[in-house]
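Content type TSV, C-alpha atoms, from the file coords-v4.tsv:
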chain	number	residue	atom	x	y	z
A	14	THR	CA	-29.76	-28.24	0.60
A	15	GLU	CA	-28.03	-25.35	2.33
A	16	LEU	CA	-26.61	-24.09	-0.94
A	17	LEU	CA	-30.06	-24.16	-2.56
A	18	GLU	CA	-31.54	-22.10	0.27
A	19	VAL	CA	-28.66	-19.62	0.22
A	20	SER	CA	-28.81	-19.29	-3.57
A	21	ARG	CA	-32.44	-18.20	-3.27
A	22	ILE	CA	-31.46	-15.53	-0.70
A	23	LEU	CA	-28.67	-14.27	-2.93
A	24	ALA	CA	-30.89	-14.17	-6.00
A	25	GLN	CA	-33.41	-12.02	-4.12
A	26	THR	CA	-30.74	-9.33	-3.66
A	27	GLY	CA	-30.58	-8.76	-7.41
A	28	LEU	CA	-27.24	-10.48	-8.05
A	29	SER	CA	-26.71	-11.89	-11.52
A	30	ALA	CA	-26.49	-15.65	-12.06
A	31	ASN	CA	-22.71	-15.46	-12.40
A	32	ASP	CA	-22.41	-13.41	-9.20
A	33	VAL	CA	-24.61	-15.89	-7.34
A	34	LYS	CA	-22.37	-18.71	-8.52
A	35	THR	CA	-19.26	-16.81	-7.37
A	36	ALA	CA	-20.82	-16.06	-3.98
A	37	LEU	CA	-21.94	-19.67	-3.52
A	38	ASN	CA	-18.40	-20.86	-4.15
A	39	ALA	CA	-17.10	-18.62	-1.36
A	40	LEU	CA	-19.91	-19.57	1.03
A	41	ALA	CA	-19.41	-23.28	0.37
A	42	LYS	CA	-15.76	-23.01	1.37
A	43	SER	CA	-16.66	-21.02	4.48
A	44	SER	CA	-18.93	-23.88	5.61
A	45	LEU	CA	-15.81	-26.07	5.87
A	46	ALA	CA	-14.00	-23.51	8.05
A	47	PRO	CA	-14.26	-24.07	11.82
A	48	THR	CA	-15.24	-20.51	12.80
A	49	PHE	CA	-18.58	-20.05	10.97
A	50	ARG	CA	-21.85	-21.29	12.49
A	51	ASP	CA	-24.05	-22.01	9.47
A	52	MET	CA	-24.21	-21.03	5.84
A	53	LYS	CA	-27.43	-19.03	6.07
A	54	SER	CA	-26.22	-16.62	8.76
A	55	THR	CA	-22.90	-16.29	6.95
A	56	ALA	CA	-24.78	-15.43	3.76
A	57	GLU	CA	-26.79	-12.74	5.55
A	58	GLY	CA	-23.57	-11.17	6.81
A	59	ALA	CA	-22.00	-11.45	3.36
A	60	ILE	CA	-24.97	-9.66	1.77
A	61	ALA	CA	-24.69	-6.87	4.37
A	62	ALA	CA	-20.96	-6.50	3.65
A	63	LEU	CA	-21.52	-6.35	-0.10
A	64	ALA	CA	-24.28	-3.77	0.17
A	65	GLN	CA	-22.85	-1.49	2.86
A	66	PHE	CA	-19.25	-1.35	1.62
A	67	GLY	CA	-19.97	-1.47	-2.10
A	68	LEU	CA	-18.17	-4.77	-2.62
A	69	LYS	CA	-18.57	-7.21	-5.50
A	70	ALA	CA	-19.33	-10.93	-5.37
A	71	ARG	CA	-15.74	-11.65	-6.38
A	72	ASP	CA	-14.58	-9.93	-3.14
A	73	LEU	CA	-16.58	-12.30	-0.95
A	74	ASP	CA	-13.82	-14.92	-0.76
A	75	ASP	CA	-11.41	-12.35	0.68
A	76	VAL	CA	-14.02	-10.95	3.08
A	77	LEU	CA	-14.92	-14.35	4.54
A	78	GLY	CA	-11.23	-15.24	4.66
A	79	SER	CA	-10.53	-12.14	6.77
A	80	LEU	CA	-13.40	-12.95	9.15
A	81	ASN	CA	-12.19	-16.53	9.48
A	82	ALA	CA	-8.58	-15.49	10.14
A	83	VAL	CA	-9.48	-12.94	12.83
A	84	ALA	CA	-11.93	-15.30	14.55
A	85	GLY	CA	-9.28	-17.99	14.61
A	86	LYS	CA	-6.60	-15.71	16.05
A	87	PHE	CA	-8.44	-13.58	18.62
A	88	ALA	CA	-11.07	-14.08	21.33
A	89	VAL	CA	-13.93	-13.22	19.00
A	90	GLU	CA	-16.38	-15.34	17.02
A	91	ALA	CA	-17.16	-15.07	13.32
A	92	GLU	CA	-20.84	-14.61	14.19
A	93	ASP	CA	-19.89	-11.57	16.28
A	94	LEU	CA	-18.01	-10.06	13.36
A	95	ILE	CA	-20.99	-10.64	11.08
A	96	SER	CA	-23.23	-8.98	13.67
A	97	VAL	CA	-21.15	-5.80	13.83
A	98	ILE	CA	-21.04	-5.60	10.03
A	99	ARG	CA	-24.82	-5.79	9.84
A	100	ARG	CA	-25.41	-3.26	12.64
A	101	THR	CA	-22.54	-0.79	12.22
A	102	GLY	CA	-21.14	-1.25	8.71
A	103	GLY	CA	-23.19	1.51	7.11
A	104	VAL	CA	-22.21	4.11	9.73
A	105	PHE	CA	-18.53	3.14	9.53
A	106	LYS	CA	-18.54	3.29	5.73
A	107	ALA	CA	-20.18	6.74	5.77
A	108	ALA	CA	-17.62	8.01	8.29
A	109	SER	CA	-14.73	6.58	6.26
A	110	GLY	CA	-15.96	8.08	2.98
A	111	ASP	CA	-13.48	7.41	0.19
A	112	ILE	CA	-10.53	6.81	2.54
A	113	GLY	CA	-9.03	3.45	1.61
A	114	ALA	CA	-10.42	0.59	-0.44
A	115	PRO	CA	-13.78	-0.93	0.62
A	116	LYS	CA	-12.15	-4.16	1.82
A	117	GLN	CA	-9.66	-2.11	3.85
A	118	GLN	CA	-12.52	-0.19	5.47
A	119	LEU	CA	-14.35	-3.40	6.31
A	120	ASN	CA	-11.22	-4.86	7.89
A	121	GLU	CA	-10.72	-1.69	9.94
A	122	LEU	CA	-14.22	-2.05	11.38
A	123	ILE	CA	-13.52	-5.71	12.18
A	124	ALA	CA	-10.24	-4.74	13.85
A	125	ILE	CA	-11.76	-2.08	16.13
A	126	PHE	CA	-14.61	-4.38	17.13
A	127	THR	CA	-12.16	-7.21	17.86
A	128	ALA	CA	-10.10	-5.03	20.20
A	129	VAL	CA	-13.20	-4.11	22.21
A	130	ARG	CA	-14.81	-7.56	22.18
A	131	ALA	CA	-11.61	-9.39	23.13
A	132	THR	CA	-11.04	-6.94	26.01
A	133	THR	CA	-14.52	-6.52	27.48
A	134	ARG	CA	-16.35	-9.71	26.37
A	135	GLU	CA	-19.55	-7.67	26.16
A	136	SER	CA	-22.17	-8.91	23.71
A	137	ALA	CA	-21.65	-8.23	20.02
A	138	GLU	CA	-24.95	-6.33	19.83
A	139	SER	CA	-24.01	-4.04	22.71
A	140	ILE	CA	-20.58	-3.28	21.27
A	141	ALA	CA	-22.00	-2.70	17.79
A	142	THR	CA	-24.50	-0.21	19.17
A	143	GLY	CA	-21.79	1.57	21.15
A	144	LEU	CA	-19.43	1.81	18.19
A	145	ARG	CA	-22.21	3.18	16.02
A	146	THR	CA	-22.67	6.02	18.52
A	147	ILE	CA	-18.93	6.67	18.76
A	148	PHE	CA	-18.40	6.72	14.99
A	149	THR	CA	-21.26	9.18	14.63
A	150	ARG	CA	-20.12	11.54	17.39
A	151	ILE	CA	-16.40	11.54	16.62
A	152	GLN	CA	-16.94	13.30	13.28
A	153	ARG	CA	-19.27	16.01	14.57
A	154	PRO	CA	-17.87	19.54	14.03
A	155	ARG	CA	-18.19	20.19	17.77
A	156	SER	CA	-16.23	17.07	18.65
A	157	ILE	CA	-13.59	17.80	16.02
A	158	GLN	CA	-13.08	21.28	17.44
A	159	PHE	CA	-13.07	19.93	21.01
A	160	LEU	CA	-10.30	17.45	20.16
A	161	LYS	CA	-8.35	20.09	18.26
A	162	GLU	CA	-8.27	22.28	21.37
A	163	LEU	CA	-6.76	19.32	23.24
A	164	GLY	CA	-4.10	18.87	20.57
A	165	VAL	CA	-5.70	15.94	18.71
A	166	ARG	CA	-6.35	16.68	15.03
A	167	VAL	CA	-8.77	14.37	13.27
A	168	GLN	CA	-8.92	16.36	10.02
A	169	ASP	CA	-6.53	16.32	7.08
A	170	LEU	CA	-5.02	19.39	5.42
A	171	GLU	CA	-8.18	19.86	3.37
A	172	GLY	CA	-10.36	19.90	6.47
A	173	LYS	CA	-11.84	16.44	5.86
A	174	PHE	CA	-12.37	13.87	8.59
A	175	VAL	CA	-9.54	11.30	8.58
A	176	GLY	CA	-11.84	8.33	9.18
A	177	PRO	CA	-12.76	6.40	12.35
A	178	PHE	CA	-9.76	4.07	12.38
A	179	GLU	CA	-7.18	6.83	11.93
A	180	ALA	CA	-9.02	9.06	14.41
A	181	LEU	CA	-8.89	6.36	17.11
A	182	LYS	CA	-5.23	5.81	16.30
A	183	ARG	CA	-4.46	9.49	16.87
A	184	LEU	CA	-6.50	9.50	20.07
A	185	SER	CA	-4.64	6.44	21.33
A	186	THR	CA	-1.28	8.06	20.63
A	187	ALA	CA	-2.27	11.37	22.24
A	188	LEU	CA	-3.80	9.81	25.37
A	189	ARG	CA	-1.17	7.14	25.91
A	190	THR	CA	0.50	9.09	28.73
A	191	LEU	CA	-2.69	10.59	30.15
A	192	ASP	CA	-4.01	9.12	33.41
A	193	PRO	CA	-7.59	7.82	32.96
A	194	ARG	CA	-8.43	9.65	36.20
A	195	ASP	CA	-7.44	12.95	34.61
A	196	VAL	CA	-10.43	15.23	34.07
A	197	ARG	CA	-9.38	15.77	30.45
A	198	PHE	CA	-9.68	12.04	29.80
A	199	ALA	CA	-13.19	12.03	31.27
A	200	LYS	CA	-14.17	15.00	29.09
A	201	ILE	CA	-13.00	13.23	25.93
A	202	VAL	CA	-14.89	10.06	26.82
A	203	GLU	CA	-18.07	12.01	27.57
A	204	GLU	CA	-17.79	14.04	24.36
A	205	LEU	CA	-17.21	11.10	22.02
A	206	GLY	CA	-19.26	8.34	23.56
A	207	GLY	CA	-21.38	9.68	26.35
A	208	PHE	CA	-21.47	7.93	29.70
A	209	ARG	CA	-23.34	4.95	28.26
A	210	GLN	CA	-20.50	4.03	25.91
A	211	VAL	CA	-17.56	4.42	28.30
A	212	GLY	CA	-17.06	0.67	28.35
A	213	LYS	CA	-16.59	0.59	24.56
A	214	LEU	CA	-14.68	3.80	23.93
A	215	ILE	CA	-11.95	3.33	26.54
A	216	PRO	CA	-10.92	-0.16	25.26
A	217	ALA	CA	-11.10	1.12	21.66
A	218	ILE	CA	-8.55	3.81	22.60
A	219	GLN	CA	-6.36	1.98	25.11
A	220	GLN	CA	-6.27	-1.34	23.23
A	221	PHE	CA	-5.70	0.16	19.80
A	222	ALA	CA	-2.50	-1.88	19.38
A	223	LYS	CA	-4.71	-4.98	19.45
A	224	ALA	CA	-6.86	-3.44	16.72
A	225	GLN	CA	-3.76	-2.91	14.59
A	226	ASP	CA	-2.76	-6.55	15.11
A	227	ALA	CA	-6.26	-7.68	14.13
A	228	LEU	CA	-6.16	-5.52	11.00
A	229	LYS	CA	-2.87	-7.13	9.98
A	230	VAL	CA	-4.31	-10.62	10.50
A	231	ALA	CA	-7.43	-9.70	8.51
A	232	MET	CA	-5.40	-8.42	5.57
A	233	GLN	CA	-3.05	-11.40	5.54
A	234	GLY	CA	-5.77	-14.01	6.09
A	235	GLN	CA	-7.93	-13.31	3.05
A	236	ASP	CA	-7.28	-16.80	1.67
A	237	SER	CA	-7.81	-18.59	5.00
A	238	THR	CA	-11.16	-20.15	4.03
A	239	ALA	CA	-9.56	-21.71	0.97
A	240	ARG	CA	-6.80	-23.21	3.13
A	241	ASP	CA	-9.28	-24.52	5.70
A	242	ALA	CA	-11.42	-26.01	2.93
A	243	VAL	CA	-8.41	-27.92	1.61
A	244	LYS	CA	-7.67	-29.28	5.10
A	245	ALA	CA	-11.28	-30.33	5.59
A	246	GLN	CA	-11.41	-32.06	2.22
A	247	GLN	CA	-8.17	-33.89	2.97
A	248	SER	CA	-9.72	-35.17	6.20
A	249	LEU	CA	-12.82	-36.32	4.32
A	250	LEU	CA	-10.62	-38.01	1.72
A	251	VAL	CA	-8.80	-39.98	4.43
A	252	GLN	CA	-12.13	-41.15	5.84
A	253	ALA	CA	-13.41	-42.11	2.39
A	254	THR	CA	-10.21	-44.06	1.71
A	255	LYS	CA	-10.58	-45.97	4.99
A	256	VAL	CA	-14.20	-46.85	4.16
A	257	ARG	CA	-13.17	-48.07	0.70
A	258	GLU	CA	-10.38	-50.21	2.14
A	259	GLU	CA	-12.71	-51.76	4.71
A	260	PHE	CA	-15.29	-52.48	2.00
A	261	GLN	CA	-12.66	-54.14	-0.19
A	262	LYS	CA	-11.49	-56.19	2.78
A	263	LEU	CA	-15.08	-57.30	3.46
A	264	PHE	CA	-15.61	-58.15	-0.20
A	265	ARG	CA	-12.46	-60.27	-0.29
A	266	THR	CA	-13.52	-62.08	2.89
A	267	ILE	CA	-16.91	-62.92	1.42
A	268	THR	CA	-15.58	-64.12	-1.94
A	269	GLN	CA	-12.87	-66.22	-0.33
A	270	SER	CA	-15.24	-67.86	2.11

Would you mind writing the file out in structure tokens?
Amino acid sequence: TELLEVSRILAQTGLSANDVKTALNALAKSSLAPTFRDMKSTAEGAIAALAQFGLKARDLDDVLGSLNAVAGKFAVEAEDLISVIRRTGGVFKAASGDIGAPKQQLNELIAIFTAVRATTRESAESIATGLRTIFTRIQRPRSIQFLKELGVRVQDLEGKFVGPFEALKRLSTALRTLDPRDVRFAKIVEELGGFRQVGKLIPAIQQFAKAQDALKVAMQGQDSTARDAVKAQQSLLVQATKVREEFQKLFRTITQS
């Protein structure tokens, strides 16, 4: 029943029959993983990922595997990751441009969000909104020049923005030895996030090592839903075998009576 409902949602996005079949296969396996809530919400997040990052239906298995792996390893829920993709994915993709493959970009967004969520435990919606503001402001010409004057370059040799993930990495490296009470630190926070987003920007910078760990888990865990599906099916097989044995035992008892 769930698959039928999800297939209708997928078909409405304009996917071909073969693509719908491929997507359903990935979503069916995700329903057996312990980190996803329900198939419909997972499908909505999957559609957002496909549309915003220019992914194909065949990439969905890897995408859901990455979400499952990160949710299983860090203090973050798969539903939170889906939420940030839906709310912030388009802004992150635009800021990243053609830097890296689409799946790499998606995993970078997941990694940054995970570092902030696992540190602050603020709501996914609040963090997503904050990151959207930060990703927009960090690539402004004024902000780029401001950071350059402080010795942090977020442009490549051709003058192009290096992308949100790399920019936060460079900020983290540059500010590692700077006291948060230093006025320069306060100026950077105000310039890039404004006072409303202090609680998101500071963890994104100071906990960037956690984001790098999350990115590694996401890249290595692309087949995690397939592995979890196998485990779940093995558990179901054991239960089915026990039921069959009990039925055979009952049948023998009746026939021998």

Would you list the contacts of Ser79 (chain A) as a PyMOL selection string, taking every protein, DNA or RNA residue within 6 Å and counting all atoms listed in the file, but skipping same-chain residues closer than 6 positions in sequence?
chain A and resi 231+234-235

Would you work out the distance separating CA of Gln65 (chain A) from CA of Val211 (chain A), expressed in Å to one decimal?
26.6 Å

Just checking: using all atoms listed in the file, which residue out of A:Val19, A:Leu170, A:Val202, A:Leu94 ends up closest to Ala82 (chain A)?
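Answer, going by the shortest atom-to-atom distance: A:Leu94.
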
Length of the CA of Pro193 (chain A) to CA of Pro177 (chain A) vector [Å]:
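About the pair CA of Pro193 (chain A) and CA of Pro177 (chain A): they are 21.3 Å apart.
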
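CA of Arg145 (chain A) is positioned 22.0 Å from CA of Lys161 (chain A).
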
Selected residue, from A:Glu171, A:Glu121, A:Glu138, A:Asp111, that lies nearest to Lys229 (chain A) when counting all atoms listed in the file
A:Glu121

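Closest approach to Val33 (chain A) from the set A:Ile123, A:Ile60, A:Leu184, A:Val256 is made by A:Ile60, with distances taken over all atoms listed in the file.
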
Write out as a PDB file with C-alpha atoms, keeping the file's coordinate frame which residues come within 9 Å of Leu122 (chain A) when counting all atoms listed in the file, dropping same-chain ones fewer than 6 positions away.
ATOM      1  CA  VAL A  97     -21.150  -5.800  13.830  1.00  0.00           C
ATOM      2  CA  ILE A  98     -21.040  -5.600  10.030  1.00  0.00           C
ATOM      3  CA  THR A 101     -22.540  -0.790  12.220  1.00  0.00           C
ATOM      4  CA  GLY A 102     -21.140  -1.250   8.710  1.00  0.00           C
ATOM      5  CA  PHE A 105     -18.530   3.140   9.530  1.00  0.00           C
ATOM      6  CA  LYS A 106     -18.540   3.290   5.730  1.00  0.00           C
ATOM      7  CA  PRO A 177     -12.760   6.400  12.350  1.00  0.00           C
ATOM      8  CA  PHE A 178      -9.760   4.070  12.380  1.00  0.00           C
ATOM      9  CA  LEU A 228      -6.160  -5.520  11.000  1.00  0.00           C
TER      10      LEU A 228
END

Ranking A:Glu135, A:Asp169, A:Asp75, A:Asp51 by minimum distance to Asp236 (chain A) and counting all atoms listed in the file, which one comes first?
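Once distances to Asp236 (chain A) are computed over all atoms listed in the file, the minimum belongs to A:Asp75.
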
Which residues are near Lys42 (chain A)? Cut-off 8 Å, all atoms listed in the file, ignore same chain within fewer than 2 positions. Put them as a PyMOL selection string.
chain A and resi 38-40+44-46+238-239+241-242

Near region 150-156 of chain A, 10 Å: region 183-231 of chain A residue rows, closest pairs, all atoms listed in the file, as a Markdown table:
| residue | atom | partner | partner_atom | distance |
| --- | --- | --- | --- | --- |
| A:Ile201 | CA | A:Ser156 | CA | 8.8 |
| A:Glu204 | CA | A:Ser156 | CA | 6.6 |
| A:Leu205 | CA | A:Ile151 | CA | 5.5 |
| A:Gly206 | CA | A:Arg150 | CA | 7.0 |
| A:Gly207 | CA | A:Arg150 | CA | 9.2 |

List as a PyMOL selection string the protein and nucleic acid residues near Leu181 (chain A), meaning an atom at most 9 Å away when all atoms listed in the file are counted, but skip any in the same chain fewer than 3 places from it.
chain A and resi 125+167+176-178+184-186+217-218+221

Taking into account all atoms listed in the file, which residue in the set A:Arg130, A:Lys262, A:Lys182, A:Lys86 is nearest to Ala222 (chain A)?
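Using all atoms listed in the file, the shortest distance to Ala222 (chain A) belongs to A:Lys182.
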
Taking all atoms listed in the file into account, name the residue in A:Phe208, A:Phe260, A:Phe174, A:Phe126 that is nearest to Val83 (chain A).
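For Val83 (chain A), the nearest of the given residues is A:Phe126.
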